[in-house]
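Source file: start03.cif. Holds: mmCIF, C-alpha atoms (C1' of nucleotides).
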```cif
data_work
loop_
_atom_site.label_atom_id
_atom_site.label_comp_id
_atom_site.auth_asym_id
_atom_site.auth_seq_id
_atom_site.Cartn_x
_atom_site.Cartn_y
_atom_site.Cartn_z
CA MET A 1 26.96 -6.07 -17.85
CA GLU A 2 26.59 -2.63 -19.46
CA GLY A 3 23.83 -0.08 -18.79
CA VAL A 4 20.31 -0.76 -19.96
CA GLU A 5 18.77 1.19 -22.80
CA ILE A 6 15.27 2.15 -21.84
CA MET A 7 12.75 4.41 -23.45
CA GLY A 8 12.93 8.02 -22.31
CA LEU A 9 10.65 9.37 -19.62
CA GLN A 10 8.61 11.08 -22.31
CA SER A 11 7.56 7.83 -23.91
CA LEU A 12 6.74 6.47 -20.47
CA TYR A 13 4.45 9.45 -19.98
CA ASP A 14 2.91 8.76 -23.38
CA LYS A 15 2.34 5.16 -22.49
CA LEU A 16 0.52 6.23 -19.35
CA ALA A 17 -1.61 8.69 -21.27
CA GLU A 18 -2.45 6.09 -23.90
CA SER A 19 -3.83 3.90 -21.16
CA ASN A 20 -6.04 6.74 -19.92
CA TYR A 21 -4.18 7.11 -16.69
CA LYS A 22 -3.57 10.55 -15.32
CA LEU A 23 -0.06 11.83 -15.04
CA THR A 24 -0.18 13.05 -11.49
CA PRO A 25 2.78 14.66 -9.70
CA GLN A 26 3.07 11.50 -7.60
CA ARG A 27 3.35 9.25 -10.63
CA ARG A 28 5.74 11.66 -12.31
CA ALA A 29 7.96 11.76 -9.23
CA ILE A 30 8.02 7.99 -8.87
CA LEU A 31 8.97 7.57 -12.52
CA GLN A 32 11.67 10.19 -12.03
CA VAL A 33 13.13 8.38 -9.03
CA LEU A 34 13.16 5.15 -10.97
CA GLU A 35 14.88 6.81 -13.89
CA ASP A 36 17.43 8.53 -11.65
CA ASN A 37 18.29 5.14 -10.20
CA GLN A 38 18.45 2.94 -13.23
CA GLY A 39 20.47 -0.14 -12.60
CA GLU A 40 19.49 -0.11 -8.93
CA HIS A 41 16.77 -2.47 -7.82
CA LEU A 42 14.76 -0.41 -5.40
CA SER A 43 12.28 -1.61 -2.81
CA ALA A 44 8.95 0.16 -2.31
CA GLU A 45 10.26 1.64 0.91
CA GLN A 46 13.41 3.01 -0.74
CA ILE A 47 11.31 4.57 -3.47
CA PHE A 48 8.97 6.02 -0.87
CA PHE A 49 11.81 7.76 0.99
CA MET A 50 13.36 9.06 -2.21
CA VAL A 51 10.06 10.39 -3.54
CA ARG A 52 9.32 12.05 -0.22
CA SER A 53 12.22 14.44 -0.71
CA ARG A 54 10.27 15.85 -3.66
CA LEU A 55 6.73 15.31 -2.41
CA PRO A 56 6.83 15.29 1.39
CA ASN A 57 3.12 14.48 1.70
CA ILE A 58 3.02 11.39 -0.45
CA GLY A 59 1.74 8.28 1.31
CA ILE A 60 3.35 4.88 1.02
CA ALA A 61 0.04 3.43 -0.18
CA THR A 62 0.29 5.68 -3.22
CA VAL A 63 3.76 4.34 -3.88
CA TYR A 64 2.54 0.76 -3.70
CA ARG A 65 -0.51 1.50 -5.84
CA THR A 66 1.62 3.27 -8.41
CA LEU A 67 4.24 0.54 -8.59
CA GLU A 68 1.48 -2.04 -8.98
CA LEU A 69 -0.06 0.03 -11.76
CA PHE A 70 3.24 0.47 -13.58
CA ALA A 71 4.05 -3.22 -13.25
CA GLY A 72 0.63 -4.05 -14.67
CA LEU A 73 1.28 -1.76 -17.63
CA GLY A 74 4.55 -3.55 -18.24
CA LEU A 75 6.63 -0.48 -17.40
CA LEU A 76 8.19 -2.05 -14.35
CA ARG A 77 9.30 -5.49 -13.33
CA LYS A 78 8.62 -6.65 -9.80
CA THR A 79 11.07 -9.24 -8.56
CA SER A 80 11.84 -11.00 -5.32
CA PHE A 81 15.45 -11.69 -4.52
CA ASP A 82 14.49 -14.00 -1.65
CA GLU A 83 14.63 -11.21 0.91
CA GLY A 84 10.97 -11.19 1.85
CA LYS A 85 10.14 -8.09 -0.13
CA PHE A 86 9.89 -6.97 -3.73
CA ARG A 87 12.20 -4.80 -5.77
CA TYR A 88 11.27 -2.79 -8.84
CA GLU A 89 13.11 -1.83 -12.01
CA PHE A 90 12.28 -0.63 -15.48
CA ASP A 91 11.21 -3.36 -17.82
CA ASP A 92 12.16 -3.10 -21.44
CA VAL A 93 9.38 -4.81 -23.35
CA ASP A 94 11.51 -5.13 -26.47
CA ARG A 95 14.30 -6.94 -24.77
CA HIS A 96 14.32 -10.39 -23.28
CA ARG A 97 14.33 -10.35 -19.49
CA HIS A 98 17.85 -9.88 -18.25
CA HIS A 99 19.38 -11.71 -15.33
CA HIS A 100 20.85 -10.69 -12.00
CA LEU A 101 23.98 -11.34 -10.02
CA VAL A 102 23.44 -10.93 -6.28
CA CYS A 103 26.52 -10.54 -4.10
CA LEU A 104 25.91 -12.54 -0.94
CA GLN A 105 28.48 -10.43 0.89
CA CYS A 106 27.59 -6.80 0.13
CA GLY A 107 24.09 -7.35 -1.27
CA LYS A 108 24.84 -5.51 -4.48
CA ILE A 109 22.69 -6.54 -7.43
CA VAL A 110 24.04 -6.18 -10.95
CA GLU A 111 22.66 -7.23 -14.27
CA ILE A 112 23.89 -9.58 -16.94
CA GLU A 113 22.83 -9.01 -20.46
CA GLU A 114 23.81 -12.29 -22.00
CA ASP A 115 20.95 -14.56 -22.80
CA LEU A 116 22.38 -18.01 -22.89
CA LEU A 117 19.16 -19.62 -21.84
CA GLN A 118 17.73 -20.13 -25.28
CA GLN A 119 19.06 -23.66 -25.53
CA LEU A 120 17.59 -24.50 -22.13
CA GLU A 121 14.26 -23.01 -23.15
CA ARG A 122 14.23 -25.12 -26.26
CA GLU A 123 14.72 -28.23 -24.12
CA VAL A 124 11.85 -27.20 -21.89
CA GLU A 125 9.54 -26.49 -24.82
CA LYS A 126 10.32 -29.93 -26.23
CA LYS A 127 8.71 -31.30 -23.09
CA GLY A 128 5.50 -29.45 -23.75
CA PHE A 129 5.90 -26.45 -21.45
CA GLN A 130 5.30 -23.15 -23.24
CA VAL A 131 7.92 -20.67 -22.08
CA ILE A 132 6.63 -17.15 -21.54
CA ASP A 133 9.32 -15.66 -19.35
CA HIS A 134 12.12 -16.59 -17.04
CA SER A 135 14.03 -15.30 -14.08
CA LEU A 136 17.62 -16.15 -13.39
CA VAL A 137 19.42 -15.00 -10.29
CA ILE A 138 23.03 -15.97 -9.68
CA TYR A 139 24.32 -15.69 -6.12
CA GLY A 140 27.97 -15.34 -5.27
CA ARG A 141 30.63 -12.76 -4.52
CA CYS A 142 31.24 -9.72 -6.63
CA PRO A 143 34.73 -8.73 -7.76
CA SER A 144 35.21 -6.16 -5.01
CA CYS A 145 34.16 -8.56 -2.26
CA LYS A 146 36.49 -11.34 -3.35
CA MET B 1 11.45 -33.59 -14.72
CA GLU B 2 11.56 -36.82 -12.72
CA GLY B 3 11.30 -37.15 -8.91
CA VAL B 4 14.11 -35.94 -6.73
CA GLU B 5 16.33 -38.40 -4.88
CA ILE B 6 16.74 -37.19 -1.35
CA MET B 7 18.29 -38.76 1.67
CA GLY B 8 15.85 -40.79 3.76
CA LEU B 9 14.16 -39.35 6.80
CA GLN B 10 16.55 -41.35 8.95
CA SER B 11 19.60 -39.52 7.70
CA LEU B 12 17.78 -36.24 8.18
CA TYR B 13 17.22 -37.24 11.79
CA ASP B 14 20.90 -38.13 12.06
CA LYS B 15 21.89 -34.80 10.65
CA LEU B 16 19.77 -33.04 13.25
CA ALA B 17 21.26 -35.13 16.04
CA GLU B 18 24.78 -34.44 14.81
CA SER B 19 24.09 -30.76 15.15
CA ASN B 20 22.95 -31.25 18.75
CA TYR B 21 19.39 -30.35 18.02
CA LYS B 22 16.62 -32.25 19.72
CA LEU B 23 14.32 -34.37 17.63
CA THR B 24 11.03 -33.16 19.01
CA PRO B 25 7.64 -34.40 17.84
CA GLN B 26 7.09 -31.03 16.18
CA ARG B 27 10.29 -31.27 14.17
CA ARG B 28 9.60 -34.88 13.32
CA ALA B 29 6.11 -34.04 12.10
CA ILE B 30 7.31 -31.14 9.99
CA LEU B 31 9.96 -33.32 8.36
CA GLN B 32 7.31 -35.95 7.74
CA VAL B 33 4.98 -33.48 6.06
CA LEU B 34 7.81 -32.29 3.86
CA GLU B 35 8.70 -35.83 2.92
CA ASP B 36 5.07 -36.75 2.24
CA ASN B 37 4.88 -33.82 -0.13
CA GLN B 38 8.11 -34.06 -2.02
CA GLY B 39 7.92 -32.25 -5.31
CA GLU B 40 5.46 -29.78 -3.86
CA HIS B 41 6.73 -26.40 -2.83
CA LEU B 42 4.88 -25.68 0.37
CA SER B 43 4.41 -22.37 2.12
CA ALA B 44 4.79 -22.08 5.89
CA GLU B 45 1.03 -21.78 6.22
CA GLN B 46 0.39 -24.93 4.19
CA ILE B 47 2.89 -26.83 6.30
CA PHE B 48 1.26 -25.44 9.45
CA PHE B 49 -2.18 -26.72 8.46
CA MET B 50 -0.85 -30.11 7.41
CA VAL B 51 1.18 -30.57 10.59
CA ARG B 52 -1.82 -29.55 12.70
CA SER B 53 -3.69 -32.66 11.62
CA ARG B 54 -1.02 -34.63 13.51
CA LEU B 55 -0.21 -32.15 16.26
CA PRO B 56 -3.29 -29.98 16.82
CA ASN B 57 -1.55 -27.79 19.39
CA ILE B 58 1.46 -26.78 17.37
CA GLY B 59 1.89 -23.04 16.93
CA ILE B 60 2.74 -21.38 13.66
CA ALA B 61 5.77 -19.76 15.31
CA THR B 62 7.19 -23.23 15.85
CA VAL B 63 6.70 -23.99 12.18
CA TYR B 64 8.54 -20.84 11.17
CA ARG B 65 11.33 -21.43 13.69
CA THR B 66 11.71 -25.03 12.54
CA LEU B 67 11.77 -24.17 8.86
CA GLU B 68 14.36 -21.49 9.54
CA LEU B 69 16.43 -23.99 11.50
CA PHE B 70 16.23 -26.62 8.77
CA ALA B 71 17.09 -24.10 6.09
CA GLY B 72 20.09 -23.01 8.14
CA LEU B 73 21.24 -26.62 8.40
CA GLY B 74 20.98 -26.95 4.64
CA LEU B 75 18.14 -29.45 4.86
CA LEU B 76 15.65 -27.13 3.21
CA ARG B 77 15.72 -24.51 0.55
CA LYS B 78 13.66 -21.38 1.04
CA THR B 79 12.59 -19.77 -2.20
CA SER B 80 10.36 -16.95 -3.29
CA PHE B 81 8.36 -17.41 -6.46
CA ASP B 82 7.40 -13.72 -6.56
CA GLU B 83 4.20 -14.27 -4.61
CA GLY B 84 5.11 -12.31 -1.50
CA LYS B 85 5.83 -15.35 0.63
CA PHE B 86 8.37 -18.14 0.87
CA ARG B 87 8.08 -21.77 -0.11
CA TYR B 88 10.15 -24.63 1.24
CA GLU B 89 11.46 -27.86 -0.23
CA PHE B 90 14.14 -30.40 0.55
CA ASP B 91 17.58 -29.38 -0.53
CA ASP B 92 19.95 -32.03 -1.75
CA VAL B 93 23.41 -30.82 -0.81
CA ASP B 94 25.07 -33.21 -3.24
CA ARG B 95 23.17 -31.97 -6.22
CA HIS B 96 23.38 -28.63 -7.93
CA ARG B 97 20.32 -26.48 -7.27
CA HIS B 98 17.58 -27.49 -9.65
CA HIS B 99 15.29 -25.14 -11.47
CA HIS B 100 11.57 -24.53 -11.55
CA LEU B 101 8.84 -24.19 -14.10
CA VAL B 102 5.92 -22.12 -12.86
CA CYS B 103 2.67 -22.36 -14.78
CA LEU B 104 1.19 -18.88 -14.95
CA GLN B 105 -2.26 -20.34 -15.51
CA CYS B 106 -2.72 -23.04 -12.86
CA GLY B 107 0.16 -22.07 -10.55
CA LYS B 108 1.69 -25.52 -10.62
CA ILE B 109 5.41 -25.62 -9.93
CA VAL B 110 7.49 -28.44 -11.37
CA GLU B 111 11.20 -29.04 -11.38
CA ILE B 112 13.72 -29.37 -14.15
CA GLU B 113 16.81 -31.40 -13.54
CA GLU B 114 18.93 -30.30 -16.43
CA ASP B 115 21.75 -28.02 -15.56
CA LEU B 116 22.57 -26.18 -18.70
CA LEU B 117 23.80 -23.13 -16.88
CA GLN B 118 27.41 -24.17 -16.56
CA GLN B 119 28.44 -22.32 -19.67
CA LEU B 120 26.69 -19.17 -18.48
CA GLU B 121 28.36 -19.49 -15.11
CA ARG B 122 31.74 -19.76 -16.77
CA GLU B 123 31.03 -16.51 -18.62
CA VAL B 124 30.10 -14.82 -15.37
CA GLU B 125 33.19 -16.06 -13.57
CA LYS B 126 35.35 -14.73 -16.38
CA LYS B 127 34.08 -11.29 -15.39
CA GLY B 128 35.28 -11.71 -11.83
CA PHE B 129 32.06 -12.73 -10.09
CA GLN B 130 32.45 -15.87 -8.00
CA VAL B 131 29.38 -18.05 -8.50
CA ILE B 132 28.12 -19.74 -5.35
CA ASP B 133 24.58 -20.64 -6.33
CA HIS B 134 21.84 -19.78 -8.74
CA SER B 135 18.11 -19.76 -9.05
CA LEU B 136 16.28 -20.19 -12.31
CA VAL B 137 12.54 -19.95 -12.60
CA ILE B 138 10.84 -20.32 -15.96
CA TYR B 139 7.30 -18.99 -16.28
CA GLY B 140 4.86 -20.21 -18.89
CA ARG B 141 2.07 -22.66 -19.44
CA CYS B 142 2.27 -26.30 -18.54
CA PRO B 143 1.22 -29.04 -20.97
CA SER B 144 -2.22 -29.48 -19.44
CA CYS B 145 -2.99 -25.74 -19.53
CA LYS B 146 -2.03 -25.32 -23.16
"C1'" DG C 1 -17.40 19.46 -13.10
"C1'" DT C 2 -16.27 14.55 -12.91
"C1'" DC C 3 -14.23 10.87 -11.57
"C1'" DA C 4 -9.67 8.94 -11.11
"C1'" DT C 5 -6.39 9.55 -7.68
"C1'" DT C 6 -4.63 10.66 -3.21
"C1'" DG C 7 -3.48 10.67 1.93
"C1'" DC C 8 -4.49 8.81 6.01
"C1'" DA C 9 -5.52 5.27 8.98
"C1'" DA C 10 -6.93 0.89 9.68
"C1'" DA C 11 -6.77 -3.90 8.05
"C1'" DT C 12 -4.35 -7.94 6.12
"C1'" DT C 13 -0.75 -10.98 5.37
"C1'" DT C 14 3.56 -12.99 6.40
"C1'" DT C 15 7.08 -13.55 9.58
"C1'" DT C 16 9.46 -12.70 14.05
"C1'" DT C 17 9.98 -12.13 18.96
"C1'" DG C 18 9.26 -12.24 24.22
"C1'" DC C 19 8.29 -14.95 27.81
"C1'" DA C 20 6.63 -18.25 31.03
"C1'" DC C 21 6.00 -23.11 30.80
"C1'" DT C 22 7.25 -27.83 29.32
"C1'" DG C 23 9.37 -32.01 28.10
"C1'" DC C 24 13.44 -34.17 25.52
"C1'" DA C 25 18.21 -36.09 25.93
"C1'" DT D 1 16.91 -32.16 35.73
"C1'" DG D 2 18.68 -28.34 32.90
"C1'" DC D 3 18.06 -25.87 29.19
"C1'" DA D 4 16.54 -26.24 24.42
"C1'" DG D 5 12.19 -26.03 22.60
"C1'" DT D 6 7.26 -24.81 22.66
"C1'" DG D 7 2.67 -22.29 22.61
"C1'" DC D 8 0.57 -18.19 22.93
"C1'" DA D 9 0.07 -13.57 22.21
"C1'" DA D 10 1.92 -9.50 20.89
"C1'" DA D 11 5.10 -7.07 17.66
"C1'" DA D 12 7.18 -6.19 13.35
"C1'" DA D 13 7.48 -5.87 8.49
"C1'" DA D 14 5.46 -5.64 3.95
"C1'" DT D 15 1.53 -4.77 1.51
"C1'" DT D 16 -3.46 -3.76 0.72
"C1'" DT D 17 -7.87 -1.58 1.39
"C1'" DG D 18 -11.73 1.84 2.70
"C1'" DC D 19 -13.09 6.24 2.44
"C1'" DA D 20 -13.63 11.12 2.38
"C1'" DA D 21 -11.21 14.89 0.24
"C1'" DT D 22 -8.79 16.58 -3.81
"C1'" DG D 23 -7.11 17.93 -8.18
"C1'" DA D 24 -5.91 16.55 -13.28
"C1'" DC D 25 -8.07 16.63 -17.51
#
```
Go ahead and express the file in the form of structure tokens.
Amino acid sequence: MEGVEIMGLQSLYDKLAESNYKLTPQRRAILQVLEDNQGEHLSAEQIFFMVRSRLPNIGIATVYRTLELFAGLGLLRKTSFDEGKFRYEFDDVDRHRHHHLVCLQCGKIVEIEEDLLQQLEREVEKKGFQVIDHSLVIYGRCPSCK
Amino acid sequence: MEGVEIMGLQSLYDKLAESNYKLTPQRRAILQVLEDNQGEHLSAEQIFFMVRSRLPNIGIATVYRTLELFAGLGLLRKTSFDEGKFRYEFDDVDRHRHHHLVCLQCGKIVEIEEDLLQQLEREVEKKGFQVIDHSLVIYGRCPSCK
DNA sequence: GTCATTGCAAATTTTTTGCACTGCA
DNA sequence: TGCAGTGCAAAAAATTTGCAATGAC
């Protein structure tokens, strides 16, 4: 349940450069917003409004294109919490995907670090399905809503 | 991995009637399509096209309204598999939510019956989060794609 | 200077809503 | 026969695309 260790912004910049993508002010600002809000799970629209306070002229298409690019590079994870839209968060390539607790009352989304799915994955692999990734979302009520 | 036992169509009809909803031909046809495709995870559009072969004049708004109604009654579960749209399937109220395996290669979605999450849920509850439901999706490659 | 990237606006895709008409209980 | 339910068309919400102009390297 503790904070997530992610690579610094600098290494994110490096990773972009490695891939021959330009580090434009728009991309820098979007990365900055994501870093400033680690632990949140922001929608494209939320990111757009936050980035606009730095870059008032940015278009929402740029935000979408950038998020898509970052997700493709493995920098971000794009997840649906069954709300009809996507949310984005940093993705730590070294770590197994973490899981989420969604409070059905206040909507808060928090992370769980434990990975107790390995046994389940072994069962699944026994049946011939090669596991590449998984997504676990637990719905309920968070401590403060109880 | 085996087929899901659900209540017969008749008890679904009863459940609708109990709730004072009318059993219109549209609703009947949508239920029928869902029953004919158990194990599939159909999108609203797929259901629309399938129902249209029985009721050519049905509107897609009716499909959406009906699916929303059924989901509200607990007859259906509405899930997002990170594709930007929802998919619907029968929901067995007596059974714990089952989980899904999504093949990243052919897109096939199959179900797993095992519920090995109870231990994880106990861990989560220890931390003060009341678990109401959960959703587990495992991504990988199915036996025939390997 | 080049070409990837951007902003804008228009298009697409998915879902929802308003409203007059219809047909089920 | 009343009012829930429907079809249609338009609106809304989320995302994508086309294109001329721009600016990072």
Practice item. Please write as a PyMOL selection string the full residue list that the PyMOL selection byres ((chain D and resi 5-22) around 6) yields on this file. Key: (chain B and resi 59) or (chain D and resi 4+23)
Output, as a CSV table (one decimal) with C-alpha atoms, in the frame of the given file, the coordinates of chain B following least-squares superposition onto chain A across all in-order C-alpha pairs.
```
chain,number,residue,atom,x,y,z
B,1,MET,CA,27.0,-6.0,-17.7
B,2,GLU,CA,26.6,-2.5,-19.3
B,3,GLY,CA,23.8,0.0,-18.6
B,4,VAL,CA,20.3,-0.8,-19.8
B,5,GLU,CA,18.8,1.1,-22.7
B,6,ILE,CA,15.3,2.1,-21.8
B,7,MET,CA,12.8,4.4,-23.4
B,8,GLY,CA,13.0,8.0,-22.3
B,9,LEU,CA,10.7,9.3,-19.6
B,10,GLN,CA,8.7,11.1,-22.3
B,11,SER,CA,7.6,7.8,-23.9
B,12,LEU,CA,6.8,6.5,-20.5
B,13,TYR,CA,4.5,9.5,-20.0
B,14,ASP,CA,3.0,8.8,-23.4
B,15,LYS,CA,2.4,5.2,-22.5
B,16,LEU,CA,0.5,6.2,-19.4
B,17,ALA,CA,-1.5,8.7,-21.3
B,18,GLU,CA,-2.4,6.1,-24.0
B,19,SER,CA,-3.8,4.0,-21.2
B,20,ASN,CA,-6.0,6.8,-20.0
B,21,TYR,CA,-4.2,7.2,-16.7
B,22,LYS,CA,-3.6,10.6,-15.3
B,23,LEU,CA,0.0,11.9,-15.1
B,24,THR,CA,-0.1,13.1,-11.5
B,25,PRO,CA,2.8,14.7,-9.7
B,26,GLN,CA,3.1,11.5,-7.6
B,27,ARG,CA,3.4,9.3,-10.6
B,28,ARG,CA,5.8,11.7,-12.3
B,29,ALA,CA,8.0,11.8,-9.2
B,30,ILE,CA,8.0,8.0,-8.9
B,31,LEU,CA,9.0,7.6,-12.5
B,32,GLN,CA,11.7,10.2,-12.0
B,33,VAL,CA,13.1,8.4,-9.0
B,34,LEU,CA,13.2,5.1,-10.9
B,35,GLU,CA,14.9,6.8,-13.8
B,36,ASP,CA,17.4,8.5,-11.6
B,37,ASN,CA,18.3,5.1,-10.1
B,38,GLN,CA,18.5,2.9,-13.2
B,39,GLY,CA,20.5,-0.2,-12.5
B,40,GLU,CA,19.4,-0.1,-8.9
B,41,HIS,CA,16.7,-2.5,-7.8
B,42,LEU,CA,14.7,-0.4,-5.4
B,43,SER,CA,12.2,-1.6,-2.8
B,44,ALA,CA,8.9,0.2,-2.3
B,45,GLU,CA,10.2,1.6,0.9
B,46,GLN,CA,13.3,3.0,-0.7
B,47,ILE,CA,11.3,4.6,-3.4
B,48,PHE,CA,8.9,6.0,-0.8
B,49,PHE,CA,11.7,7.7,1.0
B,50,MET,CA,13.3,9.1,-2.2
B,51,VAL,CA,10.0,10.4,-3.5
B,52,ARG,CA,9.3,12.1,-0.2
B,53,SER,CA,12.2,14.4,-0.7
B,54,ARG,CA,10.2,15.8,-3.6
B,55,LEU,CA,6.7,15.3,-2.4
B,56,PRO,CA,6.8,15.3,1.4
B,57,ASN,CA,3.1,14.5,1.7
B,58,ILE,CA,3.0,11.4,-0.4
B,59,GLY,CA,1.7,8.3,1.3
B,60,ILE,CA,3.3,4.9,1.0
B,61,ALA,CA,0.0,3.5,-0.2
B,62,THR,CA,0.2,5.7,-3.2
B,63,VAL,CA,3.7,4.4,-3.9
B,64,TYR,CA,2.5,0.8,-3.7
B,65,ARG,CA,-0.6,1.5,-5.9
B,66,THR,CA,1.6,3.3,-8.4
B,67,LEU,CA,4.2,0.6,-8.6
B,68,GLU,CA,1.4,-2.0,-9.0
B,69,LEU,CA,-0.1,0.1,-11.8
B,70,PHE,CA,3.2,0.5,-13.6
B,71,ALA,CA,4.0,-3.2,-13.3
B,72,GLY,CA,0.6,-4.0,-14.7
B,73,LEU,CA,1.3,-1.7,-17.7
B,74,GLY,CA,4.6,-3.5,-18.3
B,75,LEU,CA,6.6,-0.5,-17.4
B,76,LEU,CA,8.2,-2.1,-14.3
B,77,ARG,CA,9.3,-5.5,-13.3
B,78,LYS,CA,8.6,-6.6,-9.8
B,79,THR,CA,11.0,-9.2,-8.5
B,80,SER,CA,11.8,-11.0,-5.3
B,81,PHE,CA,15.4,-11.6,-4.5
B,82,ASP,CA,14.5,-14.0,-1.6
B,83,GLU,CA,14.6,-11.2,0.9
B,84,GLY,CA,10.9,-11.2,1.9
B,85,LYS,CA,10.0,-8.1,-0.1
B,86,PHE,CA,9.8,-7.0,-3.7
B,87,ARG,CA,12.1,-4.8,-5.7
B,88,TYR,CA,11.2,-2.8,-8.8
B,89,GLU,CA,13.1,-1.8,-12.0
B,90,PHE,CA,12.3,-0.6,-15.5
B,91,ASP,CA,11.2,-3.4,-17.8
B,92,ASP,CA,12.2,-3.1,-21.4
B,93,VAL,CA,9.4,-4.8,-23.3
B,94,ASP,CA,11.5,-5.1,-26.5
B,95,ARG,CA,14.3,-7.0,-24.7
B,96,HIS,CA,14.3,-10.4,-23.2
B,97,ARG,CA,14.3,-10.4,-19.4
B,98,HIS,CA,17.8,-9.9,-18.2
B,99,HIS,CA,19.4,-11.7,-15.3
B,100,HIS,CA,20.9,-10.7,-12.0
B,101,LEU,CA,24.0,-11.3,-10.1
B,102,VAL,CA,23.5,-10.9,-6.3
B,103,CYS,CA,26.6,-10.6,-4.2
B,104,LEU,CA,26.0,-12.6,-1.0
B,105,GLN,CA,28.6,-10.5,0.8
B,106,CYS,CA,27.7,-6.8,0.1
B,107,GLY,CA,24.2,-7.4,-1.3
B,108,LYS,CA,24.9,-5.5,-4.5
B,109,ILE,CA,22.7,-6.5,-7.4
B,110,VAL,CA,24.1,-6.2,-11.0
B,111,GLU,CA,22.6,-7.2,-14.3
B,112,ILE,CA,23.9,-9.6,-17.0
B,113,GLU,CA,22.8,-9.0,-20.5
B,114,GLU,CA,23.8,-12.3,-22.0
B,115,ASP,CA,20.9,-14.6,-22.8
B,116,LEU,CA,22.4,-18.0,-23.0
B,117,LEU,CA,19.1,-19.6,-21.9
B,118,GLN,CA,17.7,-20.2,-25.3
B,119,GLN,CA,19.0,-23.7,-25.6
B,120,LEU,CA,17.6,-24.6,-22.2
B,121,GLU,CA,14.3,-23.1,-23.1
B,122,ARG,CA,14.2,-25.2,-26.3
B,123,GLU,CA,14.7,-28.3,-24.1
B,124,VAL,CA,11.9,-27.3,-21.9
B,125,GLU,CA,9.5,-26.6,-24.8
B,126,LYS,CA,10.3,-30.0,-26.2
B,127,LYS,CA,8.7,-31.4,-23.0
B,128,GLY,CA,5.5,-29.6,-23.7
B,129,PHE,CA,5.9,-26.5,-21.4
B,130,GLN,CA,5.3,-23.3,-23.2
B,131,VAL,CA,7.9,-20.7,-22.0
B,132,ILE,CA,6.6,-17.2,-21.5
B,133,ASP,CA,9.3,-15.7,-19.3
B,134,HIS,CA,12.2,-16.6,-17.0
B,135,SER,CA,14.1,-15.3,-14.1
B,136,LEU,CA,17.7,-16.1,-13.4
B,137,VAL,CA,19.5,-15.0,-10.3
B,138,ILE,CA,23.1,-16.0,-9.7
B,139,TYR,CA,24.4,-15.7,-6.2
B,140,GLY,CA,28.1,-15.3,-5.4
B,141,ARG,CA,30.7,-12.8,-4.6
B,142,CYS,CA,31.3,-9.7,-6.7
B,143,PRO,CA,34.8,-8.7,-7.9
B,144,SER,CA,35.3,-6.1,-5.1
B,145,CYS,CA,34.3,-8.6,-2.4
B,146,LYS,CA,36.6,-11.3,-3.5
```
Sorted by chain and rising residue number, list the residues of chain C at most 10 Å from chain B (counting all atoms listed in the file), each with its closest atom pair and distance in Å to one decimal, as a tab-separated table.
```
residue	atom	partner	partner_atom	distance
C:DT13	C1'	B:Gly84	CA	9.1
C:DT14	C1'	B:Lys85	CA	6.6
C:DT15	C1'	B:Tyr64	CA	7.6
C:DT16	C1'	B:Ala61	CA	8.1
C:DT17	C1'	B:Ala61	CA	9.4
C:DG23	C1'	B:Thr24	CA	9.3
C:DC24	C1'	B:Lys22	CA	6.9
C:DA25	C1'	B:Lys22	CA	7.5
```
Point to revise | Expected selection from the PyMOL selection byres ((chain A) within 6 of (chain B)), given as a ChimeraX atom specification | key: /A:80,82,128-143
Practice item. List, as a PyMOL selection string, every residue that the PyMOL selection byres ((chain A and resi 28) around 12) selects in the file provided. Key: chain A and resi 9-10+12-14+16-17+21-27+29-35+51+54-55+63+66-67+70
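Between atom CA of B:Leu76 and atom CA of A:Ile109 lies a distance of 24.2 Å.
The spacing separating atom CA of B:Ser19 from atom CA of B:Leu75 amounts to 12.0 Å.
Atom CA of B:Phe90 is positioned 16.5 Å from atom CA of B:Met50.
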Give me stretch 73-78 of chain A with N, CA, C and O atoms filled in, as a CSV table (one decimal), keeping the file's coordinate frame.
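Below you can see rebuild_2.csv, which holds the result:
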```csv
chain,number,residue,atom,x,y,z
A,73,LEU,N,1.2,-2.3,-16.3
A,73,LEU,CA,1.3,-1.8,-17.6
A,73,LEU,C,2.5,-2.3,-18.3
A,73,LEU,O,2.7,-2.0,-19.5
A,74,GLY,N,3.3,-3.0,-17.6
A,74,GLY,CA,4.6,-3.6,-18.2
A,74,GLY,C,5.7,-2.6,-18.2
A,74,GLY,O,6.7,-2.8,-18.8
A,75,LEU,N,5.5,-1.5,-17.5
A,75,LEU,CA,6.6,-0.5,-17.4
A,75,LEU,C,7.7,-1.0,-16.4
A,75,LEU,O,8.9,-0.7,-16.6
A,76,LEU,N,7.3,-1.6,-15.4
A,76,LEU,CA,8.2,-2.0,-14.4
A,76,LEU,C,8.2,-3.6,-14.2
A,76,LEU,O,7.2,-4.2,-14.5
A,77,ARG,N,9.3,-4.1,-13.7
A,77,ARG,CA,9.3,-5.5,-13.3
A,77,ARG,C,9.4,-5.6,-11.8
A,77,ARG,O,10.2,-4.8,-11.2
A,78,LYS,N,8.7,-6.5,-11.3
A,78,LYS,CA,8.6,-6.6,-9.8
A,78,LYS,C,9.2,-8.0,-9.5
A,78,LYS,O,8.7,-9.0,-9.9
```
